[in-house]
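Heads up, coords-v3.cif below (mmCIF, C-alpha atoms and all ligand atoms):
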data_work
loop_
_atom_site.label_atom_id
_atom_site.label_comp_id
_atom_site.auth_asym_id
_atom_site.auth_seq_id
_atom_site.Cartn_x
_atom_site.Cartn_y
_atom_site.Cartn_z
CA ALA A 1 98.92 87.86 82.25
CA ARG A 2 99.49 91.40 81.10
CA THR A 3 97.24 93.60 79.04
CA ILE A 4 98.00 96.48 76.75
CA HIS A 5 96.01 99.63 77.23
CA GLN A 6 95.99 102.75 75.18
CA ILE A 7 94.65 105.06 77.82
CA GLN A 8 95.04 108.78 77.49
CA SER A 9 98.74 109.12 77.00
CA GLY A 10 100.65 111.90 78.61
CA GLN A 11 103.77 112.75 80.46
CA VAL A 12 103.75 111.03 83.82
CA ILE A 13 107.31 111.90 84.71
CA VAL A 14 107.63 115.65 84.66
CA ASP A 15 109.81 116.29 87.71
CA LEU A 16 111.45 114.69 90.76
CA CYS A 17 108.21 114.65 92.62
CA SER A 18 106.43 112.58 90.00
CA VAL A 19 109.24 109.99 90.06
CA VAL A 20 108.90 109.61 93.81
CA LYS A 21 105.14 109.47 93.65
CA GLU A 22 105.00 106.85 90.89
CA LEU A 23 107.54 104.59 92.61
CA VAL A 24 105.94 104.81 96.04
CA GLU A 25 102.52 104.11 94.55
CA ASN A 26 103.88 101.07 92.72
CA SER A 27 105.20 99.78 96.04
CA LEU A 28 101.85 100.37 97.71
CA ASP A 29 100.06 98.67 94.82
CA ALA A 30 102.39 95.69 95.34
CA GLY A 31 101.12 95.39 98.90
CA ALA A 32 104.29 96.56 100.61
CA THR A 33 104.25 97.00 104.39
CA ASN A 34 107.76 98.38 104.41
CA ILE A 35 109.03 101.06 102.02
CA GLU A 36 112.38 102.81 102.10
CA VAL A 37 112.98 105.86 99.95
CA ARG A 38 116.62 106.81 99.60
CA PHE A 39 117.93 109.94 97.94
CA LYS A 40 121.41 110.86 96.86
CA ASN A 41 122.03 114.56 96.52
CA GLN A 42 118.33 115.36 96.93
CA GLY A 43 117.47 113.01 94.10
CA LEU A 44 119.68 114.72 91.54
CA ASP A 45 122.09 111.79 91.65
CA ALA A 46 119.75 108.97 92.66
CA ILE A 47 116.32 108.04 93.91
CA GLU A 48 115.91 104.52 95.18
CA VAL A 49 112.67 102.98 96.40
CA GLN A 50 112.82 99.60 98.09
CA ASP A 51 109.77 97.63 99.15
CA ASN A 52 108.85 94.26 100.63
CA GLY A 53 105.86 93.86 98.30
CA SER A 54 104.89 91.01 96.01
CA GLY A 55 107.90 91.21 93.72
CA ILE A 56 107.67 90.76 89.97
CA SER A 57 107.31 87.37 88.32
CA LYS A 58 109.74 86.29 85.61
CA GLU A 59 107.14 86.17 82.84
CA ASN A 60 106.68 89.92 83.31
CA TYR A 61 110.35 90.94 83.05
CA ASP A 62 110.25 91.42 79.27
CA THR A 63 107.29 93.78 79.24
CA LEU A 64 107.86 95.50 82.61
CA ALA A 65 109.10 98.77 81.19
CA LEU A 66 107.27 98.76 77.87
CA LYS A 67 104.77 101.51 77.34
CA HIS A 68 101.17 100.74 78.26
CA TYR A 69 101.90 97.40 79.81
CA THR A 70 100.30 97.19 83.20
CA SER A 71 99.38 94.24 85.36
CA LYS A 72 96.70 96.20 87.17
CA LEU A 73 93.80 96.41 84.79
CA SER A 74 91.94 93.66 83.04
CA THR A 75 88.99 95.47 81.48
CA TYR A 76 88.40 99.08 80.61
CA SER A 77 85.44 99.23 82.99
CA ASP A 78 87.83 98.56 85.87
CA LEU A 79 88.81 102.19 85.48
CA GLU A 80 85.53 103.07 87.13
CA SER A 81 86.32 101.28 90.34
CA LEU A 82 90.04 101.73 90.54
CA GLU A 83 91.55 100.30 93.67
CA THR A 84 95.17 100.59 92.67
CA PHE A 85 97.12 103.79 92.11
CA GLY A 86 98.61 102.73 88.81
CA PHE A 87 96.81 101.60 85.71
CA ARG A 88 98.49 103.23 82.73
CA GLY A 89 101.76 101.37 82.56
CA GLU A 90 103.66 104.54 81.78
CA ALA A 91 105.86 105.28 84.75
CA LEU A 92 108.56 102.66 84.29
CA SER A 93 108.70 103.12 80.53
CA SER A 94 109.12 106.88 80.97
CA LEU A 95 111.83 106.35 83.56
CA CYS A 96 113.76 104.12 81.15
CA ALA A 97 113.72 106.91 78.64
CA LEU A 98 114.63 109.65 81.09
CA SER A 99 117.17 108.18 83.52
CA LYS A 100 119.63 105.42 84.27
CA PHE A 101 117.12 102.90 85.43
CA SER A 102 117.28 99.44 86.99
CA VAL A 103 115.07 97.09 88.96
CA THR A 104 115.93 94.39 91.46
CA THR A 105 113.11 92.07 92.37
CA CYS A 106 112.34 88.81 94.07
CA LEU A 107 109.18 86.75 94.64
CA ALA A 108 108.63 85.17 98.04
CA SER A 109 108.94 81.72 96.46
CA ASP A 110 112.38 82.54 94.99
CA ALA A 111 113.95 84.33 97.97
CA PRO A 112 116.81 84.84 98.56
CA LYS A 113 117.56 84.50 94.84
CA GLY A 114 116.28 87.52 92.93
CA SER A 115 117.02 89.23 89.63
CA ARG A 116 118.56 92.50 88.66
CA LEU A 117 117.05 93.87 85.47
CA GLU A 118 118.52 96.46 83.17
CA PHE A 119 116.73 98.11 80.29
CA GLU A 120 117.33 99.93 77.03
CA THR A 121 116.03 103.48 76.86
CA SER A 122 113.20 102.07 74.71
CA GLY A 123 112.06 99.99 77.68
CA LYS A 124 113.30 96.74 76.13
CA LEU A 125 114.87 94.36 78.64
CA ARG A 126 118.64 94.41 78.10
CA SER A 127 119.95 92.00 80.71
CA THR A 128 119.07 90.04 83.80
CA SER A 129 121.44 88.74 86.44
CA VAL A 130 120.96 86.74 89.61
CA VAL A 131 121.44 88.58 92.89
CA ALA A 132 120.86 87.76 96.55
CA VAL A 133 117.89 89.78 97.86
CA GLN A 134 114.82 89.43 100.02
CA LYS A 135 111.27 89.33 98.74
CA GLY A 136 110.20 92.63 97.20
CA THR A 137 111.33 95.16 94.65
CA THR A 138 113.92 97.92 94.50
CA VAL A 139 113.79 100.50 91.76
CA LEU A 140 116.81 102.69 91.18
CA VAL A 141 116.59 105.91 89.18
CA GLU A 142 119.89 107.66 88.60
CA ARG A 143 120.59 110.99 86.96
CA LEU A 144 117.03 111.91 86.01
CA PHE A 145 116.91 113.81 82.68
CA HIS A 146 120.62 113.05 82.06
CA ASN A 147 119.89 112.82 78.34
CA LEU A 148 117.86 116.04 78.17
CA PRO A 149 120.37 118.81 78.97
CA VAL A 150 117.86 121.65 79.10
CA ARG A 151 115.49 119.85 81.43
CA ARG A 152 118.40 118.62 83.53
CA ARG A 153 119.71 122.14 83.98
CA GLU A 154 116.28 123.41 84.87
CA LEU A 155 115.92 120.65 87.48
CA GLU A 156 119.26 121.55 89.01
CA ARG A 157 118.37 125.22 89.07
CA ASN A 158 115.04 124.59 90.79
CA ILE A 159 116.25 121.85 93.10
CA LYS A 160 115.34 123.66 96.29
CA ARG A 161 111.72 124.05 95.32
CA GLU A 162 111.60 120.55 93.83
CA TRP A 163 113.04 119.04 96.99
CA ASN A 164 110.42 120.73 99.16
CA LYS A 165 107.70 119.40 96.92
CA VAL A 166 109.18 115.91 97.16
CA LEU A 167 109.31 116.05 100.94
CA SER A 168 105.78 117.30 101.26
CA VAL A 169 104.37 114.55 99.08
CA LEU A 170 106.37 111.96 101.04
CA ASN A 171 104.95 113.42 104.25
CA GLN A 172 101.50 112.85 102.85
CA TYR A 173 102.06 109.16 102.12
CA ALA A 174 103.78 108.68 105.46
CA CYS A 175 100.86 110.22 107.36
CA ILE A 176 97.92 108.63 105.53
CA GLN A 177 99.19 105.06 105.26
CA THR A 178 98.55 103.10 108.44
CA GLY A 179 100.21 99.76 108.94
CA LEU A 180 103.15 100.83 106.80
CA LYS A 181 106.75 101.29 107.84
CA PHE A 182 107.92 104.15 105.70
CA SER A 183 111.34 105.69 105.88
CA VAL A 184 112.99 108.47 103.94
CA SER A 185 116.71 109.14 103.93
CA GLN A 186 119.03 111.45 102.12
CA GLN A 187 122.76 111.45 101.48
CA PRO A 188 124.22 114.83 100.57
CA ASN A 189 126.92 115.24 97.97
CA LYS A 190 129.59 115.12 100.62
CA GLY A 191 128.53 113.60 103.91
CA LYS A 192 126.75 110.66 105.35
CA ARG A 193 123.24 109.31 104.93
CA MET A 194 120.63 110.67 107.32
CA ILE A 195 117.10 109.50 108.01
CA LEU A 196 114.73 112.43 107.46
CA PHE A 197 111.67 110.76 108.95
CA SER A 198 110.17 107.33 109.39
CA THR A 199 106.90 105.81 110.48
CA LYS A 200 106.72 102.61 112.47
CA GLY A 201 103.81 100.66 111.06
CA ASN A 202 101.32 102.53 113.25
CA GLN A 203 97.64 101.71 113.34
CA THR A 204 96.51 105.37 113.41
CA THR A 205 97.21 108.50 111.39
CA ARG A 206 97.74 110.33 114.71
CA GLU A 207 100.77 108.18 115.44
CA ASN A 208 102.00 108.70 111.88
CA ILE A 209 101.76 112.45 112.36
CA VAL A 210 103.76 112.18 115.59
CA ASN A 211 106.45 110.17 113.78
CA VAL A 212 106.66 112.66 110.94
CA PHE A 213 106.11 116.03 112.61
CA GLY A 214 106.92 115.33 116.25
CA ALA A 215 104.80 114.88 119.37
CA LYS A 216 104.37 118.62 119.90
CA THR A 217 102.19 118.84 116.82
CA LEU A 218 99.59 116.62 118.41
CA ALA A 219 99.07 119.00 121.31
CA VAL A 220 97.49 121.57 119.02
CA LEU A 221 95.31 119.20 117.01
CA ILE A 222 91.67 118.27 117.33
CA PRO A 223 90.05 115.38 115.53
CA LEU A 224 88.18 116.18 112.38
CA ASP A 225 85.14 114.12 111.49
CA LEU A 226 82.62 116.12 109.51
CA VAL A 227 79.67 114.92 107.51
CA LEU A 228 78.82 117.09 104.54
CA GLU A 229 75.40 117.36 102.97
CA LEU A 230 75.00 117.54 99.24
CA GLU A 231 71.23 117.69 99.04
CA PRO A 232 69.10 120.71 99.91
CA THR A 233 68.08 120.23 103.52
CA ASN A 234 64.35 119.75 103.01
CA THR A 235 64.77 116.65 100.86
CA SER A 236 67.94 115.38 102.42
CA THR A 237 66.60 112.65 104.65
CA GLN A 238 65.37 110.22 102.06
CA ARG A 239 68.02 110.89 99.43
CA LEU A 240 71.11 111.50 101.46
CA THR A 241 72.43 108.05 102.14
CA THR A 242 71.56 106.00 99.09
CA ARG A 243 70.72 106.40 95.49
CA GLY A 244 70.17 103.35 93.35
CA GLY A 245 70.95 101.20 96.34
CA ASN A 246 74.68 101.66 96.78
CA GLU A 247 75.67 105.12 95.58
CA SER A 248 76.08 107.20 98.67
CA LYS A 249 75.87 110.96 98.66
CA LEU A 250 77.46 111.13 102.06
CA ILE A 251 80.75 112.90 102.29
CA ARG A 252 82.95 112.57 105.32
CA VAL A 253 85.94 114.74 106.04
CA ARG A 254 88.19 112.96 108.51
CA GLY A 255 91.55 113.72 109.99
CA HIS A 256 93.08 116.37 112.20
CA VAL A 257 93.13 120.15 112.31
CA SER A 258 94.69 122.77 114.58
CA ARG A 259 92.54 124.02 117.43
CA PRO A 260 92.19 127.75 116.72
CA ALA A 261 93.20 128.90 120.20
CA HIS A 262 96.07 126.75 121.31
CA GLY A 263 98.01 129.05 123.53
CA GLU A 264 100.86 131.44 123.04
CA GLY A 265 104.15 130.27 121.67
CA ARG A 266 102.82 127.06 120.22
CA GLN A 267 103.68 127.21 116.59
CA THR A 268 101.61 124.98 114.37
CA PRO A 269 103.66 123.29 111.68
CA ASP A 270 102.80 124.94 108.44
CA ARG A 271 101.39 121.83 106.79
CA GLN A 272 98.20 121.29 104.92
CA MET A 273 97.57 117.83 103.56
CA PHE A 274 94.54 116.76 101.60
CA PHE A 275 93.45 113.36 100.39
CA VAL A 276 90.53 112.00 98.47
CA ASN A 277 89.69 108.48 99.63
CA GLY A 278 93.20 108.15 100.98
CA ARG A 279 94.96 109.41 97.86
CA PRO A 280 97.15 112.45 98.32
CA CYS A 281 95.99 115.32 96.18
CA GLY A 282 95.97 119.06 96.05
CA LEU A 283 92.59 120.59 96.91
CA PRO A 284 93.13 124.36 96.89
CA GLN A 285 89.41 125.11 97.14
CA PHE A 286 89.12 123.04 100.31
CA ALA A 287 92.30 124.57 101.73
CA LYS A 288 90.84 128.00 101.14
CA VAL A 289 87.70 127.24 103.16
CA PHE A 290 89.73 125.74 106.03
CA ASN A 291 92.00 128.76 106.12
CA GLU A 292 89.16 131.27 105.99
CA VAL A 293 87.16 129.67 108.78
CA TYR A 294 90.29 129.16 110.89
CA LYS A 295 91.41 132.74 110.39
CA SER A 296 88.11 134.02 111.77
CA TYR A 297 89.11 132.44 115.11
CA ASN A 298 92.85 132.85 115.01
CA ALA A 299 93.99 135.56 112.68
CA SER A 300 97.67 135.17 113.49
CA GLN A 301 98.25 131.66 112.20
CA SER A 302 97.26 129.25 109.52
CA PRO A 303 96.17 125.80 110.59
CA PHE A 304 97.80 122.41 110.33
CA ILE A 305 95.40 120.37 108.23
CA PHE A 306 95.25 116.67 107.59
CA ALA A 307 91.96 116.02 105.83
CA ASP A 308 90.82 112.92 104.02
CA ILE A 309 87.71 113.54 101.97
CA GLN A 310 85.85 110.25 101.88
CA LEU A 311 83.18 110.01 99.23
CA ASP A 312 81.65 107.69 96.72
CA THR A 313 83.62 107.39 93.47
CA HIS A 314 80.66 108.65 91.42
CA LEU A 315 81.07 112.07 93.05
CA TYR A 316 84.44 112.82 91.49
CA ASP A 317 86.71 112.20 88.52
CA VAL A 318 90.31 111.18 89.07
CA ASN A 319 91.17 110.60 85.50
CA VAL A 320 91.58 114.23 84.54
CA SER A 321 95.33 114.63 84.78
CA PRO A 322 98.15 112.22 84.05
CA ASP A 323 99.50 112.42 87.58
CA LYS A 324 96.04 111.91 89.10
CA ARG A 325 96.66 114.63 91.65
CA SER A 326 94.06 117.06 90.52
CA ILE A 327 90.63 115.71 91.16
CA LEU A 328 87.38 117.03 89.83
CA LEU A 329 84.65 117.03 92.45
CA HIS A 330 81.06 117.21 91.32
CA ASP A 331 78.72 119.51 93.22
CA GLN A 332 81.72 121.28 94.62
CA THR A 333 80.02 124.54 95.57
CA ARG A 334 77.57 122.76 97.79
CA MET A 335 80.33 120.62 99.26
CA LEU A 336 82.32 123.71 100.16
CA ASP A 337 79.32 125.53 101.66
CA SER A 338 78.60 122.56 103.83
CA LEU A 339 82.27 122.30 104.81
CA ARG A 340 82.31 125.96 105.85
CA GLU A 341 79.28 125.44 108.05
CA SER A 342 80.48 122.24 109.72
CA LEU A 343 83.94 123.62 110.36
CA SER A 344 82.51 126.72 112.06
CA THR A 345 80.37 124.45 114.23
CA LEU A 346 83.41 122.35 115.13
CA PHE A 347 85.54 125.37 116.08
CA GLU A 348 82.59 126.92 117.93
CA SER A 349 82.24 123.82 120.09
CA GLN A 350 85.85 124.00 121.27
CA ASP A 351 86.57 125.00 124.82
CA TYR A 352 88.83 128.02 124.72
P1 LIG A 401 101.25 100.90 86.36
O1 LIG A 401 101.57 101.16 87.80
O2 LIG A 401 100.36 101.96 85.78
O3 LIG A 401 100.79 99.51 86.11
P2 LIG A 401 104.09 101.26 85.95
O4 LIG A 401 104.88 101.65 84.76
O5 LIG A 401 104.15 102.13 87.15
O6 LIG A 401 102.58 101.08 85.49
O7 LIG A 401 104.50 99.81 86.36
C1 LIG A 401 104.43 98.77 85.41
C2 LIG A 401 104.21 97.42 86.05
O8 LIG A 401 105.39 97.05 86.76
C3 LIG A 401 103.11 97.37 87.09
O9 LIG A 401 101.85 97.13 86.49
C4 LIG A 401 103.56 96.23 87.98
O10 LIG A 401 103.15 95.00 87.44
C5 LIG A 401 105.07 96.28 87.90
N1 LIG A 401 105.68 96.94 89.07
C6 LIG A 401 106.19 98.21 89.11
N2 LIG A 401 106.69 98.49 90.32
C7 LIG A 401 106.50 97.39 91.09
C8 LIG A 401 106.79 97.07 92.46
N3 LIG A 401 107.39 97.93 93.29
N4 LIG A 401 106.44 95.81 92.90
C9 LIG A 401 105.84 94.92 92.07
N5 LIG A 401 105.53 95.19 90.76
C10 LIG A 401 105.86 96.39 90.28
MG MG A 402 102.62 102.72 88.53
#
Can you give me the file's structure in the form of structure tokens?
Amino acid sequence: ARTIHQIQSGQVIVDLCSVVKELVENSLDAGATNIEVRFKNQGLDAIEVQDNGSGISKENYDTLALKHYTSKLSTYSDLESLETFGFRGEALSSLCALSKFSVTTCLASDAPKGSRLEFETSGKLRSTSVVAVQKGTTVLVERLFHNLPVRRRELERNIKREWNKVLSVLNQYACIQTGLKFSVSQQPNKGKRMILFSTKGNQTTRENIVNVFGAKTLAVLIPLDLVLELEPTNTSTQRLTTRGGNESKLIRVRGHVSRPAHGEGRQTPDRQMFFVNGRPCGLPQFAKVFNEVYKSYNASQSPFIFADIQLDTHLYDVNVSPDKRSILLHDQTRMLDSLRESLSTLFESQDY
């Protein structure tokens, strides 16, 4: 059963990066353990995302790409405790309007007989045909913005920057998702397809980082596992862990960070990845604190950072931007002060 929801409407597809992000998140929401992202001409010609997730059932074909149809939300209050990435039902409808768009999908019970779906720009289902495929879904987006000449030209002009953004967001998903086989390949205009990176269904983010950035990266990293305090210290003990029974004020920052003194000639990859409860997002304020503290030990480099901020959902708002990447943290000043302190302690405790 599908529900219609008029949630804050906005542009979800604004650039290449948002296409990639929406499609990968749909695959994750569908429970995929294997995702392949394939680009043609850095995405200018095509972006294809194939997964081995649940597939889409026939009764949902008609509404799949209609605006505000989503299978992921049954009541408005679900928004409060959102477990899936998607909930607006806007990505596929936008892609219909902005690209040459098709979907191939197959349920486990139907394999190996799946369907290829084509859509009108309005999102209305135009045709279905039977194809031989395995369980899962493949979404193909060709010629993004082909019908909007100005935006298309701008995309082509900025492709270098766009492409870097795309790769860095793909790195983030590849590193944070354990138990997922994730591969990214690109075929240039003239030339053959090359795998850019792939993860192997690892159980740890460490192994993911090795797959994505190479084993050398690991040599300079130390584990990050900080607990941040939000309450003033004198009252912290009784109020820190619970409020109203299950609302925790505990914040954990987990992941990996460069050891400040890691020897001459060892270049840290210039990567800084932040997540909130496992969701990739930009956290410039957090990055700033990491960089400042790190610089006080090693002025010549900036650190590799992989940091997942784990905190109760009542301590932040995700619903502030259509692409859900900017997150509003409550009590941020105190969070950052506490981060600064704990990071200094961590670096201090390292054997140089
Ligand atoms: P949302 O993710 O917000 O629900 P989308 O427009 O991204 O909206 O997707 C619309 C619907 O299409 C989803 O709710 C889901 O039911 C279905 N869908 C999209 N991609 C996939 C996929 N890879 N596997 C299974 N179902 C999918
Ligand atoms: Mg979605």
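Here CA of Val289 (chain A) stands at a distance of 15.3 Å from CA of Phe275 (chain A).
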How close does each residue of chain A get to ligand MG 402 (chain A), giving the shortest atom pair and distance in Å to one decimal for every residue with an atom at most 10 Å away, counting all atoms listed in the file, sorted by chain and residue number, as a tab-separated table?
residue	atom	partner	partner_atom	distance
A:Val12	CA	A:MG402	MG	9.6
A:Val19	CA	A:MG402	MG	10.0
A:Lys21	CA	A:MG402	MG	8.8
A:Glu22	CA	A:MG402	MG	5.3
A:Leu23	CA	A:MG402	MG	6.7
A:Val24	CA	A:MG402	MG	8.5
A:Glu25	CA	A:MG402	MG	6.2
A:Asn26	CA	A:MG402	MG	4.7
A:Ser27	CA	A:MG402	MG	8.5
A:Leu28	CA	A:MG402	MG	9.5
A:Asp29	CA	A:MG402	MG	7.9
A:Ala30	CA	A:MG402	MG	9.8
A:Thr70	CA	A:MG402	MG	8.0
A:Ser71	CA	A:MG402	MG	9.6
A:Lys72	CA	A:MG402	MG	8.9
A:Thr84	CA	A:MG402	MG	8.8
A:Phe85	CA	A:MG402	MG	6.6
A:Gly86	CA	A:MG402	MG	4.0
A:Phe87	CA	A:MG402	MG	6.6
A:Arg88	CA	A:MG402	MG	7.1
A:Gly89	CA	A:MG402	MG	6.2
A:Glu90	CA	A:MG402	MG	7.1
A:Ala91	CA	A:MG402	MG	5.6
A:Leu92	CA	A:MG402	MG	7.3
Write the residues of the selection above to a file with C-alpha atoms, as a short mmCIF file (atom, residue, chain, number, x, y, z; two decimals), in the frame of the given file.
data_model
loop_
_atom_site.label_atom_id
_atom_site.label_comp_id
_atom_site.auth_asym_id
_atom_site.auth_seq_id
_atom_site.Cartn_x
_atom_site.Cartn_y
_atom_site.Cartn_z
CA VAL A 12 103.75 111.03 83.82
CA VAL A 19 109.24 109.99 90.06
CA LYS A 21 105.14 109.47 93.65
CA GLU A 22 105.00 106.85 90.89
CA LEU A 23 107.54 104.59 92.61
CA VAL A 24 105.94 104.81 96.04
CA GLU A 25 102.52 104.11 94.55
CA ASN A 26 103.88 101.07 92.72
CA SER A 27 105.20 99.78 96.04
CA LEU A 28 101.85 100.37 97.71
CA ASP A 29 100.06 98.67 94.82
CA ALA A 30 102.39 95.69 95.34
CA THR A 70 100.30 97.19 83.20
CA SER A 71 99.38 94.24 85.36
CA LYS A 72 96.70 96.20 87.17
CA THR A 84 95.17 100.59 92.67
CA PHE A 85 97.12 103.79 92.11
CA GLY A 86 98.61 102.73 88.81
CA PHE A 87 96.81 101.60 85.71
CA ARG A 88 98.49 103.23 82.73
CA GLY A 89 101.76 101.37 82.56
CA GLU A 90 103.66 104.54 81.78
CA ALA A 91 105.86 105.28 84.75
CA LEU A 92 108.56 102.66 84.29
#
Extract, using only C-alpha atoms, all DNA, RNA and protein residues at most 10 Å from Leu221 (chain A), discarding same-chain residues fewer than 6 positions from it, and format them as a PyMOL selection string.
chain A and resi 206+255-260+262+268+303-306
CA of Glu348 (chain A) and CA of Ser302 (chain A), how far apart in Å?
17.1 Å
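CA of Glu229 (chain A) lies 22.7 Å from CA of Ser296 (chain A).
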Among A:Ile13, A:Met335, A:Ala65, A:Val141, ligand LIG 401 (chain A) is approached most closely, using all atoms listed in the file, by A:Ala65
Could you tell me which of A:Val139, A:Val133, A:Val14, A:Ile209 comes closest to ligand LIG 401 (chain A) if we count only C-alpha atoms and all ligand atoms?
A:Val139
What box, with edges along x, y and z, holds each listed atom of ligand LIG 401 (chain A) when 5 Å is added on every side, and can you state its centre and edge lengths in Å to one decimal, as lines of an AutoDock Vina configuration file?
center_x = 103.9
center_y = 98.5
center_z = 89.0
size_x = 17.0
size_y = 17.2
size_z = 18.5
Residues near Asp51 (chain A), anyone? I mean within 6 Å using all atoms listed in the file, not counting same-chain ones fewer than 4 positions away, as a ChimeraX atom specification.
/A:27,32,34-35,136-137
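Using all atoms listed in the file, the nearest neighbour of ligand LIG 401 (chain A) within the list A:Ile195, A:Val131, A:Leu155, A:Leu140 is A:Leu140.
Of the residues under consideration (A:Leu170, A:Cys106, A:Val150, A:Ile222), A:Cys106 shows the shortest atom-to-atom contact distance to ligand LIG 401 (chain A) when counting only C-alpha atoms and all ligand atoms.
Closest to Arg161 (chain A) among A:Thr313, A:Thr333, A:Gln42, A:Ser122 is A:Gln42, based on all atoms listed in the file.
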Using all atoms listed in the file, the shortest atom-to-atom distance to Ile47 (chain A) among A:Leu16, A:His330, A:Pro223, A:Pro284 belongs to A:Leu16
